[in-house]
Structures are given as C-alpha cells and as structure tokens.
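Peer 1: There's a structure below that I have some questions on.
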Amino acid sequence: KQEVTQIPAALSVPEGENLVLNCSFTDSAIYNLQWFRQDPGKGLTSLLLIQSSQREQTSGRLNASLDKSSGRSTLYIAASQPGDSATYLCAVSRTTDSWGKFQFGAGTQVVVTP
Amino acid sequence: DGGITQSPKYLFRKEGQNVTLSCEQNLNHDAMYWYRQDPGQGLRLIYYSQIVNDFQKGDIAEGYSVSREKKESFPLTVTSAQKNPTAFYLCASSGRTGGETQYFGPGTRLLVL
C-alpha cells in the first residue's frame, strides 16, 4: 500500500526566506502527484499537478519537482510572504486506477512571520 | 462561477441518528469523491464515483453510504453505524481523464452531541 510522508510536520520561517517542503512516497509507480494548500477550516486548493512523465512544474513563485526513482517530491516557494502561511499537503495518485484517487500525506503546517 | 458547494458548514448529530452531507458541483466533472480529515492526519477516501449511478468504496467506507443519481450531486450519509463520526468532511471532483486536478469544496464539520 502506498504511504506518503511529509516532514517536517510544522515549519516557521521569517518573511522573505525560501520555503522547501518535502514529500516522500513508498511506491514509485505513480500516475501523478499533486500539491495542495489548505487554510484553517477550509477546503483544499490545488497548487501544482505533476504528471509521472514530468520532472517539475512551475507556477509563479512555486516550483515542484518529482523524482519517482527515489520516491520524492519537493515544493519550493520563493521569497515567502505572511500570506503563504497555511498547511501544504502532498497527494500521490494510485496507479492501479488512475481516476484521481489520491493518497494524501498529513501535511506540513507553515508559518511565515513578518 | 464554477465550483463545488457543500452544505451545511456545520452539522450536529445525535447518537443513533443518520445525517446527510450535501455536495454539488457545476464543473461538469464525471468523477466525485468524499474524504474524511481528522486533526493532524491526511485525507482518507470514503467513497468515490466515476459516473452517474455507480460508486465504489474507498479505504474507510464502513458506516457511510452514498448515491449518485445526478452528475452534479454526490450526497454522503453518515449512518448510526459510524461510531466515531466527528471529523471534517471534504467533497472533491475531477475530470474524466484519469488523474486530472482535483477541486475541493469548502468542507462540512460534523460534531456529535
């Protein structure tokens, strides 16, 4: 069974510093991987989706990389802002049935201090 | 605006009672999903549906039931058989092509009286 781990569980950085969030998974045979942002008491917002054939995706200050062979993905957020404070979740698709069924990590809670 | 709506925002259940959570989408997505989120844990899949009148159990389906009579709607019933229902429930949808971006609703928080 696919297991997804996000370490650390919580992270605090001063404004302007770059954020590096890690996601590891046990089964490298994935269809794709998605990063989400969740604000307290809210639903999830998709940030980036990386297909298994891709090595990275970029959107504005966000960059996500994927290394299937080592079972890792990293989300980089450049020049962090207080508005980036949220929980970031990584989700890995299940290859046996690629109908968007994802296995989620527990998330990394990020606080960006002014 | 296209999106997913969930209602109610908060729901209280008495012991022995069944309650139904609503999920509606206007994104014309074929697939819909229900997840449960507990504090400090990732989301766990309860049920999913790939097409109208068809749905499949996820990892934690016991004590829950669903229906998919319309493409836009995927209600979740939390039955009295679910002994620990207190959680945050999230509904999501995605396009027919497998693995497309998932879009989430705002969630329903279920509390037990």
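Lettering and numbering for the structure tokens are positional, with chains as A, B, ... in the shown order, residues counted from 1 in each chain, and ligands counted from 1 in the shown order.
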Give me the residues near Leu49 of chain A as a VMD selection string, where near means some atom within 9 Å (using only C-alpha atoms) and where sequence neighbours in that chain fewer than 4 positions away do not count.
Peer 2: (chain A and resid 32 to 35 57 64) or (chain B and resid 100 to 101)
Peer 1: For the residues in the current selection, export N, CA and C atoms as a PDB file, in the first residue's frame.
Peer 2:
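Generated file (part-v7.pdb):
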ATOM      1  N   ASN A  32       0.497  10.415 -11.076  1.00  0.00           N
ATOM      2  CA  ASN A  32       0.881  11.807 -10.930  1.00  0.00           C
ATOM      3  C   ASN A  32       0.920  12.180  -9.449  1.00  0.00           C
ATOM      4  N   LEU A  33       1.337  13.400  -9.175  1.00  0.00           N
ATOM      5  CA  LEU A  33       1.456  13.887  -7.809  1.00  0.00           C
ATOM      6  C   LEU A  33       0.936  15.316  -7.783  1.00  0.00           C
ATOM      7  N   GLN A  34       0.220  15.645  -6.725  1.00  0.00           N
ATOM      8  CA  GLN A  34      -0.397  16.973  -6.641  1.00  0.00           C
ATOM      9  C   GLN A  34      -0.050  17.607  -5.304  1.00  0.00           C
ATOM     10  N   TRP A  35       0.224  18.900  -5.332  1.00  0.00           N
ATOM     11  CA  TRP A  35       0.420  19.687  -4.121  1.00  0.00           C
ATOM     12  C   TRP A  35      -0.801  20.573  -3.909  1.00  0.00           C
ATOM     13  N   GLN A  57       7.191  21.236 -12.216  1.00  0.00           N
ATOM     14  CA  GLN A  57       6.156  22.154 -12.662  1.00  0.00           C
ATOM     15  C   GLN A  57       6.374  23.469 -11.927  1.00  0.00           C
ATOM     16  N   ALA A  64       7.624  22.791  -8.167  1.00  0.00           N
ATOM     17  CA  ALA A  64       7.570  21.454  -7.581  1.00  0.00           C
ATOM     18  C   ALA A  64       8.378  20.510  -8.457  1.00  0.00           C
TER      19      ALA A  64
ATOM     20  N   GLU B 100      -6.646  13.998 -13.384  1.00  0.00           N
ATOM     21  CA  GLU B 100      -6.703  15.443 -13.541  1.00  0.00           C
ATOM     22  C   GLU B 100      -6.808  16.112 -12.184  1.00  0.00           C
ATOM     23  N   THR B 101      -6.549  17.402 -12.200  1.00  0.00           N
ATOM     24  CA  THR B 101      -6.571  18.172 -10.963  1.00  0.00           C
ATOM     25  C   THR B 101      -7.867  17.963 -10.207  1.00  0.00           C
TER      26      THR B 101
END
Peer 1: Excluding Ile77 of chain A and residues on its chain fewer than 4 positions from it, collect all residues at most 12 Å away from it, counting only C-alpha atoms, and give them as an mmCIF file with all heavy atoms, in the first residue's frame.
Peer 2:
data_model
loop_
_atom_site.group_PDB
_atom_site.id
_atom_site.type_symbol
_atom_site.label_atom_id
_atom_site.label_comp_id
_atom_site.auth_asym_id
_atom_site.auth_seq_id
_atom_site.Cartn_x
_atom_site.Cartn_y
_atom_site.Cartn_z
ATOM 1 N N VAL A 13 9.237 30.235 9.312
ATOM 2 C CA VAL A 13 10.328 30.953 8.666
ATOM 3 C C VAL A 13 10.031 32.443 8.676
ATOM 4 O O VAL A 13 8.856 32.846 8.695
ATOM 5 C CB VAL A 13 10.541 30.482 7.207
ATOM 6 C CG1 VAL A 13 10.907 29.008 7.161
ATOM 7 C CG2 VAL A 13 9.325 30.766 6.356
ATOM 8 N N GLU A 15 9.717 36.143 6.964
ATOM 9 C CA GLU A 15 9.313 36.631 5.649
ATOM 10 C C GLU A 15 10.525 36.863 4.756
ATOM 11 O O GLU A 15 11.548 37.382 5.192
ATOM 12 C CB GLU A 15 8.534 37.945 5.822
ATOM 13 C CG GLU A 15 7.995 38.536 4.531
ATOM 14 C CD GLU A 15 7.189 39.797 4.770
ATOM 15 O OE1 GLU A 15 7.096 40.228 5.942
ATOM 16 O OE2 GLU A 15 6.646 40.341 3.797
ATOM 17 N N GLY A 16 10.399 36.461 3.490
ATOM 18 C CA GLY A 16 11.474 36.649 2.526
ATOM 19 C C GLY A 16 12.341 35.422 2.327
ATOM 20 O O GLY A 16 13.011 35.295 1.295
ATOM 21 N N GLU A 17 12.294 34.527 3.295
ATOM 22 C CA GLU A 17 13.106 33.307 3.172
ATOM 23 C C GLU A 17 12.411 32.330 2.218
ATOM 24 O O GLU A 17 11.190 32.300 2.120
ATOM 25 C CB GLU A 17 13.275 32.677 4.550
ATOM 26 C CG GLU A 17 14.335 31.595 4.612
ATOM 27 C CD GLU A 17 14.695 31.262 6.043
ATOM 28 O OE1 GLU A 17 15.205 32.148 6.746
ATOM 29 O OE2 GLU A 17 14.437 30.108 6.448
ATOM 30 N N ASN A 18 13.195 31.515 1.526
ATOM 31 C CA ASN A 18 12.625 30.499 0.641
ATOM 32 C C ASN A 18 12.149 29.303 1.461
ATOM 33 O O ASN A 18 12.791 28.901 2.426
ATOM 34 C CB ASN A 18 13.666 30.038 -0.385
ATOM 35 C CG ASN A 18 14.074 31.154 -1.329
ATOM 36 O OD1 ASN A 18 13.303 32.091 -1.577
ATOM 37 N ND2 ASN A 18 15.283 31.071 -1.833
ATOM 38 N N LEU A 19 11.014 28.741 1.037
ATOM 39 C CA LEU A 19 10.445 27.572 1.719
ATOM 40 C C LEU A 19 10.746 26.313 0.917
ATOM 41 O O LEU A 19 10.644 26.321 -0.308
ATOM 42 C CB LEU A 19 8.930 27.719 1.836
ATOM 43 C CG LEU A 19 8.380 28.568 2.968
ATOM 44 C CD1 LEU A 19 6.918 28.904 2.710
ATOM 45 C CD2 LEU A 19 8.535 27.854 4.291
ATOM 46 N N VAL A 20 11.106 25.254 1.624
ATOM 47 C CA VAL A 20 11.342 23.957 0.988
ATOM 48 C C VAL A 20 10.521 22.910 1.737
ATOM 49 O O VAL A 20 10.771 22.641 2.917
ATOM 50 C CB VAL A 20 12.828 23.576 1.011
ATOM 51 C CG1 VAL A 20 13.026 22.229 0.339
ATOM 52 C CG2 VAL A 20 13.672 24.645 0.333
ATOM 53 N N LEU A 21 9.548 22.337 1.053
ATOM 54 C CA LEU A 21 8.657 21.353 1.675
ATOM 55 C C LEU A 21 8.879 20.002 1.012
ATOM 56 O O LEU A 21 8.945 19.912 -0.224
ATOM 57 C CB LEU A 21 7.192 21.793 1.518
ATOM 58 C CG LEU A 21 6.877 23.200 2.027
ATOM 59 C CD1 LEU A 21 5.421 23.534 1.765
ATOM 60 C CD2 LEU A 21 7.199 23.324 3.500
ATOM 61 N N ASN A 22 8.961 18.977 1.819
ATOM 62 C CA ASN A 22 9.306 17.650 1.322
ATOM 63 C C ASN A 22 8.144 16.671 1.393
ATOM 64 O O ASN A 22 7.324 16.720 2.311
ATOM 65 C CB ASN A 22 10.468 17.076 2.140
ATOM 66 C CG ASN A 22 11.712 17.923 2.000
ATOM 67 O OD1 ASN A 22 12.187 18.173 0.904
ATOM 68 N ND2 ASN A 22 12.238 18.383 3.121
ATOM 69 N N TRP A 35 0.224 18.900 -5.332
ATOM 70 C CA TRP A 35 0.420 19.687 -4.121
ATOM 71 C C TRP A 35 -0.801 20.573 -3.909
ATOM 72 O O TRP A 35 -1.298 21.203 -4.851
ATOM 73 C CB TRP A 35 1.666 20.560 -4.227
ATOM 74 C CG TRP A 35 2.954 19.816 -4.009
ATOM 75 C CD1 TRP A 35 3.759 19.269 -4.953
ATOM 76 C CD2 TRP A 35 3.574 19.563 -2.750
ATOM 77 N NE1 TRP A 35 4.853 18.676 -4.365
ATOM 78 C CE2 TRP A 35 4.765 18.851 -3.003
ATOM 79 C CE3 TRP A 35 3.252 19.876 -1.422
ATOM 80 C CZ2 TRP A 35 5.638 18.435 -1.987
ATOM 81 C CZ3 TRP A 35 4.116 19.474 -0.417
ATOM 82 C CH2 TRP A 35 5.291 18.759 -0.706
ATOM 83 N N LEU A 47 -2.347 23.499 -6.048
ATOM 84 C CA LEU A 47 -1.249 24.400 -6.393
ATOM 85 C C LEU A 47 -0.563 23.956 -7.681
ATOM 86 O O LEU A 47 -0.400 24.733 -8.612
ATOM 87 C CB LEU A 47 -0.227 24.439 -5.255
ATOM 88 C CG LEU A 47 -0.725 24.978 -3.916
ATOM 89 C CD1 LEU A 47 0.349 24.823 -2.853
ATOM 90 C CD2 LEU A 47 -1.138 26.433 -4.042
ATOM 91 N N LEU A 48 -0.149 22.697 -7.704
ATOM 92 C CA LEU A 48 0.573 22.173 -8.862
ATOM 93 C C LEU A 48 0.274 20.690 -9.013
ATOM 94 O O LEU A 48 0.149 19.968 -8.025
ATOM 95 C CB LEU A 48 2.096 22.354 -8.690
ATOM 96 C CG LEU A 48 2.630 23.789 -8.751
ATOM 97 C CD1 LEU A 48 4.069 23.839 -8.255
ATOM 98 C CD2 LEU A 48 2.545 24.335 -10.165
ATOM 99 N N THR A 58 6.056 24.566 -12.617
ATOM 100 C CA THR A 58 6.272 25.885 -12.027
ATOM 101 C C THR A 58 5.030 26.734 -12.208
ATOM 102 O O THR A 58 4.363 26.672 -13.249
ATOM 103 C CB THR A 58 7.469 26.587 -12.698
ATOM 104 O OG1 THR A 58 8.643 25.803 -12.463
ATOM 105 C CG2 THR A 58 7.676 27.972 -12.113
ATOM 106 N N SER A 59 4.738 27.528 -11.167
ATOM 107 C CA SER A 59 3.655 28.489 -11.247
ATOM 108 C C SER A 59 4.012 29.669 -10.362
ATOM 109 O O SER A 59 3.993 29.566 -9.134
ATOM 110 C CB SER A 59 2.331 27.868 -10.791
ATOM 111 O OG SER A 59 1.310 28.842 -10.791
ATOM 112 N N GLY A 60 4.394 30.772 -10.977
ATOM 113 C CA GLY A 60 4.767 31.963 -10.204
ATOM 114 C C GLY A 60 5.946 31.693 -9.286
ATOM 115 O O GLY A 60 7.010 31.262 -9.730
ATOM 116 N N ARG A 61 5.742 31.908 -7.985
ATOM 117 C CA ARG A 61 6.820 31.679 -7.011
ATOM 118 C C ARG A 61 6.950 30.214 -6.610
ATOM 119 O O ARG A 61 7.812 29.864 -5.807
ATOM 120 C CB ARG A 61 6.549 32.523 -5.761
ATOM 121 C CG ARG A 61 6.628 34.029 -5.981
ATOM 122 C CD ARG A 61 6.478 34.803 -4.672
ATOM 123 N NE ARG A 61 5.157 34.640 -4.085
ATOM 124 C CZ ARG A 61 4.931 34.027 -2.918
ATOM 125 N NH1 ARG A 61 5.929 33.493 -2.233
ATOM 126 N NH2 ARG A 61 3.695 33.947 -2.447
ATOM 127 N N LEU A 62 6.083 29.373 -7.132
ATOM 128 C CA LEU A 62 6.068 27.963 -6.747
ATOM 129 C C LEU A 62 6.749 27.098 -7.797
ATOM 130 O O LEU A 62 6.565 27.292 -9.003
ATOM 131 C CB LEU A 62 4.627 27.483 -6.574
ATOM 132 C CG LEU A 62 3.925 27.740 -5.250
ATOM 133 C CD1 LEU A 62 3.838 29.226 -4.933
ATOM 134 C CD2 LEU A 62 2.541 27.115 -5.261
ATOM 135 N N ASN A 63 7.532 26.138 -7.303
ATOM 136 C CA ASN A 63 8.159 25.153 -8.175
ATOM 137 C C ASN A 63 8.115 23.819 -7.471
ATOM 138 O O ASN A 63 8.504 23.708 -6.303
ATOM 139 C CB ASN A 63 9.608 25.540 -8.480
ATOM 140 C CG ASN A 63 10.328 24.467 -9.281
ATOM 141 O OD1 ASN A 63 10.822 23.501 -8.719
ATOM 142 N ND2 ASN A 63 10.360 24.623 -10.583
ATOM 143 N N ALA A 64 7.624 22.791 -8.167
ATOM 144 C CA ALA A 64 7.570 21.454 -7.581
ATOM 145 C C ALA A 64 8.378 20.510 -8.457
ATOM 146 O O ALA A 64 8.246 20.521 -9.679
ATOM 147 C CB ALA A 64 6.129 20.972 -7.460
ATOM 148 N N SER A 65 9.190 19.700 -7.816
ATOM 149 C CA SER A 65 9.982 18.706 -8.536
ATOM 150 C C SER A 65 9.512 17.308 -8.170
ATOM 151 O O SER A 65 8.922 17.096 -7.102
ATOM 152 C CB SER A 65 11.466 18.857 -8.182
ATOM 153 O OG SER A 65 11.663 18.556 -6.815
ATOM 154 N N GLN A 81 5.944 34.936 1.955
ATOM 155 C CA GLN A 81 5.174 36.076 2.454
ATOM 156 C C GLN A 81 4.252 35.585 3.568
ATOM 157 O O GLN A 81 3.897 34.401 3.596
ATOM 158 C CB GLN A 81 4.342 36.664 1.320
ATOM 159 C CG GLN A 81 5.142 37.087 0.110
ATOM 160 C CD GLN A 81 4.255 37.375 -1.092
ATOM 161 O OE1 GLN A 81 3.034 37.238 -1.046
ATOM 162 N NE2 GLN A 81 4.890 37.779 -2.188
ATOM 163 N N GLY A 83 1.208 35.729 3.770
ATOM 164 C CA GLY A 83 0.043 35.109 3.136
ATOM 165 C C GLY A 83 0.275 33.672 2.706
ATOM 166 O O GLY A 83 -0.681 32.972 2.359
ATOM 167 N N ASP A 84 1.518 33.229 2.744
ATOM 168 C CA ASP A 84 1.823 31.831 2.423
ATOM 169 C C ASP A 84 1.592 30.918 3.615
ATOM 170 O O ASP A 84 1.699 29.695 3.493
ATOM 171 C CB ASP A 84 3.283 31.690 1.965
ATOM 172 C CG ASP A 84 3.562 32.396 0.649
ATOM 173 O OD1 ASP A 84 2.645 32.452 -0.202
ATOM 174 O OD2 ASP A 84 4.692 32.901 0.475
ATOM 175 N N SER A 85 1.287 31.482 4.763
ATOM 176 C CA SER A 85 1.025 30.676 5.966
ATOM 177 C C SER A 85 -0.208 29.816 5.738
ATOM 178 O O SER A 85 -1.298 30.320 5.459
ATOM 179 C CB SER A 85 0.825 31.583 7.182
ATOM 180 O OG SER A 85 1.987 32.330 7.438
ATOM 181 N N TYR A 88 0.348 22.688 3.839
ATOM 182 C CA TYR A 88 0.591 22.217 2.475
ATOM 183 C C TYR A 88 0.565 20.690 2.465
ATOM 184 O O TYR A 88 1.273 20.038 3.239
ATOM 185 C CB TYR A 88 1.935 22.747 1.973
ATOM 186 C CG TYR A 88 1.904 24.248 1.777
ATOM 187 C CD1 TYR A 88 2.120 25.104 2.852
ATOM 188 C CD2 TYR A 88 1.619 24.798 0.535
ATOM 189 C CE1 TYR A 88 2.053 26.481 2.697
ATOM 190 C CE2 TYR A 88 1.559 26.178 0.362
ATOM 191 C CZ TYR A 88 1.768 27.007 1.449
ATOM 192 O OH TYR A 88 1.697 28.374 1.289
ATOM 193 N N VAL A 110 2.846 25.564 7.759
ATOM 194 C CA VAL A 110 3.854 26.612 7.558
ATOM 195 C C VAL A 110 3.380 27.924 8.163
ATOM 196 O O VAL A 110 2.241 28.343 7.953
ATOM 197 C CB VAL A 110 4.128 26.806 6.057
ATOM 198 C CG1 VAL A 110 4.990 28.036 5.820
ATOM 199 C CG2 VAL A 110 4.770 25.556 5.460
ATOM 200 N N VAL A 112 4.753 31.888 8.240
ATOM 201 C CA VAL A 112 5.713 32.880 7.773
ATOM 202 C C VAL A 112 5.546 34.125 8.629
ATOM 203 O O VAL A 112 4.488 34.764 8.618
ATOM 204 C CB VAL A 112 5.497 33.222 6.289
ATOM 205 C CG1 VAL A 112 6.521 34.253 5.842
ATOM 206 C CG2 VAL A 112 5.583 31.960 5.441
#
Peer 1: Would you kindly report the residues of chain A within 12 Å of chain B, using only C-alpha atoms, as a JSON list (two decimals) with N, CA and C atoms, in the first residue's frame?
Peer 2:
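Ended up saving to iface_9.json:
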[["chain", "number", "residue", "atom", "x", "y", "z"],
["A", 1, "LYS", "N", 0.84, -1.19, 0.00],
["A", 1, "LYS", "CA", 0.00, 0.00, 0.00],
["A", 1, "LYS", "C", 0.88, 1.25, 0.00],
["A", 3, "GLU", "N", 2.33, 4.69, 0.86],
["A", 3, "GLU", "CA", 2.38, 5.54, 2.05],
["A", 3, "GLU", "C", 3.06, 6.84, 1.68],
["A", 4, "VAL", "N", 2.48, 7.94, 2.13],
["A", 4, "VAL", "CA", 3.01, 9.27, 1.81],
["A", 4, "VAL", "C", 3.37, 9.97, 3.12],
["A", 5, "THR", "N", 4.60, 10.48, 3.18],
["A", 5, "THR", "CA", 5.11, 11.11, 4.39],
["A", 5, "THR", "C", 5.57, 12.52, 4.10],
["A", 6, "GLN", "N", 5.20, 13.45, 4.98],
["A", 6, "GLN", "CA", 5.67, 14.82, 4.85],
["A", 6, "GLN", "C", 6.39, 15.21, 6.13],
["A", 9, "ALA", "N", 6.47, 18.24, 10.17],
["A", 9, "ALA", "CA", 5.03, 18.45, 10.33],
["A", 9, "ALA", "C", 4.71, 19.93, 10.44],
["A", 10, "ALA", "N", 5.68, 20.72, 10.92],
["A", 10, "ALA", "CA", 5.47, 22.16, 11.06],
["A", 10, "ALA", "C", 6.78, 22.88, 10.79],
["A", 30, "ILE", "N", 3.77, 5.68, -9.78],
["A", 30, "ILE", "CA", 2.64, 6.59, -9.60],
["A", 30, "ILE", "C", 2.19, 7.14, -10.94],
["A", 31, "TYR", "N", 0.96, 7.65, -10.98],
["A", 31, "TYR", "CA", 0.42, 8.27, -12.19],
["A", 31, "TYR", "C", 0.72, 9.76, -12.21],
["A", 32, "ASN", "N", 0.50, 10.42, -11.08],
["A", 32, "ASN", "CA", 0.88, 11.81, -10.93],
["A", 32, "ASN", "C", 0.92, 12.18, -9.45],
["A", 33, "LEU", "N", 1.34, 13.40, -9.18],
["A", 33, "LEU", "CA", 1.46, 13.89, -7.81],
["A", 33, "LEU", "C", 0.94, 15.32, -7.78],
["A", 34, "GLN", "N", 0.22, 15.65, -6.72],
["A", 34, "GLN", "CA", -0.40, 16.97, -6.64],
["A", 34, "GLN", "C", -0.05, 17.61, -5.30],
["A", 35, "TRP", "N", 0.22, 18.90, -5.33],
["A", 35, "TRP", "CA", 0.42, 19.69, -4.12],
["A", 35, "TRP", "C", -0.80, 20.57, -3.91],
["A", 36, "PHE", "N", -1.26, 20.62, -2.63],
["A", 36, "PHE", "CA", -2.41, 21.41, -2.27],
["A", 36, "PHE", "C", -2.04, 22.36, -1.12],
["A", 37, "ARG", "N", -2.83, 23.41, -1.01],
["A", 37, "ARG", "CA", -2.75, 24.31, 0.12],
["A", 37, "ARG", "C", -4.09, 24.26, 0.85],
["A", 38, "GLN", "N", -4.03, 24.25, 2.20],
["A", 38, "GLN", "CA", -5.26, 24.28, 2.99],
["A", 38, "GLN", "C", -5.15, 25.35, 4.07],
["A", 39, "ASP", "N", -6.07, 26.30, 4.06],
["A", 39, "ASP", "CA", -6.16, 27.29, 5.12],
["A", 39, "ASP", "C", -7.03, 26.73, 6.24],
["A", 40, "PRO", "N", -6.85, 27.20, 7.47],
["A", 40, "PRO", "CA", -7.58, 26.62, 8.62],
["A", 40, "PRO", "C", -9.08, 26.59, 8.40],
["A", 41, "GLY", "N", -9.68, 25.41, 8.58],
["A", 41, "GLY", "CA", -11.12, 25.26, 8.47],
["A", 41, "GLY", "C", -11.67, 25.36, 7.06],
["A", 42, "LYS", "N", -10.80, 25.30, 6.06],
["A", 42, "LYS", "CA", -11.22, 25.45, 4.67],
["A", 42, "LYS", "C", -10.94, 24.19, 3.86],
["A", 43, "GLY", "N", -11.44, 24.19, 2.62],
["A", 43, "GLY", "CA", -11.13, 23.11, 1.71],
["A", 43, "GLY", "C", -9.73, 23.25, 1.15],
["A", 44, "LEU", "N", -9.37, 22.32, 0.25],
["A", 44, "LEU", "CA", -8.03, 22.32, -0.34],
["A", 44, "LEU", "C", -8.04, 23.07, -1.67],
["A", 45, "THR", "N", -6.92, 23.75, -1.93],
["A", 45, "THR", "CA", -6.73, 24.45, -3.19],
["A", 45, "THR", "C", -5.55, 23.82, -3.91],
["A", 46, "SER", "N", -5.74, 23.39, -5.15],
["A", 46, "SER", "CA", -4.66, 22.78, -5.89],
["A", 46, "SER", "C", -3.62, 23.83, -6.27],
["A", 47, "LEU", "N", -2.35, 23.50, -6.05],
["A", 47, "LEU", "CA", -1.25, 24.40, -6.39],
["A", 47, "LEU", "C", -0.56, 23.96, -7.68],
["A", 48, "LEU", "N", -0.15, 22.70, -7.70],
["A", 48, "LEU", "CA", 0.57, 22.17, -8.86],
["A", 48, "LEU", "C", 0.27, 20.69, -9.01],
["A", 49, "LEU", "N", 0.17, 20.25, -10.25],
["A", 49, "LEU", "CA", -0.01, 18.83, -10.58],
["A", 49, "LEU", "C", 1.14, 18.42, -11.48],
["A", 50, "ILE", "N", 1.87, 17.38, -11.08],
["A", 50, "ILE", "CA", 3.00, 16.89, -11.87],
["A", 50, "ILE", "C", 2.66, 15.50, -12.39],
["A", 51, "GLN", "N", 2.68, 15.33, -13.70],
["A", 51, "GLN", "CA", 2.45, 14.01, -14.28],
["A", 51, "GLN", "C", 3.71, 13.16, -14.08],
["A", 52, "SER", "N", 3.54, 11.85, -14.12],
["A", 52, "SER", "CA", 4.67, 10.95, -13.84],
["A", 52, "SER", "C", 5.80, 11.10, -14.86],
["A", 87, "THR", "N", -1.36, 25.14, 5.62],
["A", 87, "THR", "CA", -0.88, 23.76, 5.61],
["A", 87, "THR", "C", -0.78, 23.30, 4.17],
["A", 88, "TYR", "N", 0.35, 22.69, 3.84],
["A", 88, "TYR", "CA", 0.59, 22.22, 2.47],
["A", 88, "TYR", "C", 0.56, 20.69, 2.46],
["A", 89, "LEU", "N", -0.28, 20.14, 1.60],
["A", 89, "LEU", "CA", -0.44, 18.69, 1.53],
["A", 89, "LEU", "C", 0.03, 18.16, 0.18],
["A", 90, "CYS", "N", 0.66, 17.03, 0.24],
["A", 90, "CYS", "CA", 1.11, 16.31, -0.95],
["A", 90, "CYS", "C", 0.18, 15.13, -1.14],
["A", 91, "ALA", "N", -0.18, 14.82, -2.39],
["A", 91, "ALA", "CA", -1.05, 13.69, -2.68],
["A", 91, "ALA", "C", -0.52, 12.94, -3.89],
["A", 92, "VAL", "N", -0.47, 11.63, -3.78],
["A", 92, "VAL", "CA", 0.06, 10.78, -4.83],
["A", 92, "VAL", "C", -1.05, 9.90, -5.38],
["A", 93, "SER", "N", -1.16, 9.82, -6.69],
["A", 93, "SER", "CA", -2.22, 9.02, -7.29],
["A", 93, "SER", "C", -1.92, 7.53, -7.18],
["A", 94, "ARG", "N", -2.93, 6.75, -7.33],
["A", 94, "ARG", "CA", -2.80, 5.29, -7.26],
["A", 94, "ARG", "C", -2.82, 4.74, -8.68],
["A", 95, "THR", "N", -1.83, 4.01, -9.07],
["A", 95, "THR", "CA", -1.67, 3.64, -10.47],
["A", 95, "THR", "C", -2.65, 2.56, -10.92],
["A", 96, "THR", "N", -3.12, 1.74, -10.02],
["A", 96, "THR", "CA", -3.99, 0.65, -10.47],
["A", 96, "THR", "C", -5.30, 1.19, -11.03],
["A", 97, "ASP", "N", -5.69, 2.37, -10.59],
["A", 97, "ASP", "CA", -6.88, 3.01, -11.12],
["A", 97, "ASP", "C", -6.66, 4.50, -11.04],
["A", 98, "SER", "N", -6.38, 5.11, -12.18],
["A", 98, "SER", "CA", -5.91, 6.49, -12.15],
["A", 98, "SER", "C", -7.05, 7.51, -12.13],
["A", 99, "TRP", "N", -8.19, 7.15, -11.62],
["A", 99, "TRP", "CA", -9.32, 8.07, -11.60],
["A", 99, "TRP", "C", -9.22, 9.07, -10.47],
["A", 100, "GLY", "N", -8.05, 9.67, -10.36],
["A", 100, "GLY", "CA", -7.89, 10.76, -9.42],
["A", 100, "GLY", "C", -7.98, 10.35, -7.97],
["A", 101, "LYS", "N", -7.82, 9.07, -7.67],
["A", 101, "LYS", "CA", -7.82, 8.66, -6.28],
["A", 101, "LYS", "C", -6.43, 8.86, -5.73],
["A", 102, "PHE", "N", -6.32, 9.78, -4.81],
["A", 102, "PHE", "CA", -5.01, 10.14, -4.28],
["A", 102, "PHE", "C", -4.80, 9.61, -2.87],
["A", 103, "GLN", "N", -3.55, 9.34, -2.56],
["A", 103, "GLN", "CA", -3.14, 9.02, -1.19],
["A", 103, "GLN", "C", -2.47, 10.27, -0.65],
["A", 104, "PHE", "N", -2.99, 10.79, 0.46],
["A", 104, "PHE", "CA", -2.52, 12.07, 0.98],
["A", 104, "PHE", "C", -1.50, 11.90, 2.10],
["A", 105, "GLY", "N", -0.55, 12.83, 2.16],
["A", 105, "GLY", "CA", 0.29, 12.97, 3.34],
["A", 105, "GLY", "C", -0.46, 13.77, 4.40],
["A", 106, "ALA", "N", 0.10, 13.83, 5.61],
["A", 106, "ALA", "CA", -0.55, 14.53, 6.72],
["A", 106, "ALA", "C", -0.35, 16.03, 6.64],
["A", 107, "GLY", "N", 0.57, 16.49, 5.79],
["A", 107, "GLY", "CA", 0.75, 17.91, 5.59],
["A", 107, "GLY", "C", 1.88, 18.52, 6.40],
["A", 108, "THR", "N", 2.35, 19.68, 5.94],
["A", 108, "THR", "CA", 3.32, 20.50, 6.67],
["A", 108, "THR", "C", 2.66, 21.84, 6.95],
["A", 109, "GLN", "N", 2.57, 22.19, 8.22],
["A", 109, "GLN", "CA", 1.98, 23.48, 8.60],
["A", 109, "GLN", "C", 3.06, 24.55, 8.58]]
Peer 1: One number please: atom CA of Phe74 of chain B to atom CA of Glu15 of chain B, in Å, one decimal.
Peer 2: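 One can read the atom CA of Phe74 of chain B to atom CA of Glu15 of chain B distance as 24.1 Å.
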Peer 1: Rounded to one decimal, what separation in Å do you get between atom CA of Asp54 of chain B and atom CA of Tyr35 of chain B?
Peer 2: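 For atom CA of Asp54 of chain B relative to atom CA of Tyr35 of chain B, the distance reads 17.4 Å.
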Peer 1: Quick one, how far is atom CA of Asp59 of chain B from atom CA of Leu110 of chain B?
Peer 2: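 Here the two named atoms are 19.2 Å from each other.
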Peer 1: So which one's closest to Pro85 of chain B, B:Lys57, B:His29, B:Arg36, B:Lys71? Using only C-alpha atoms, please.
Peer 2: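 Smallest distance to Pro85 of chain B is found for B:Arg36.
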Peer 1: Can you tell me, as an NGL selection string, which residues in segment 11-104 of chain B count as strand (DSSP E or B) by DSSP?
Peer 2: :B and (11-13 or 19-25 or 31-37 or 43-51 or 54-57 or 64-66 or 70 or 73 or 76-78 or 87-94 or 103-104)
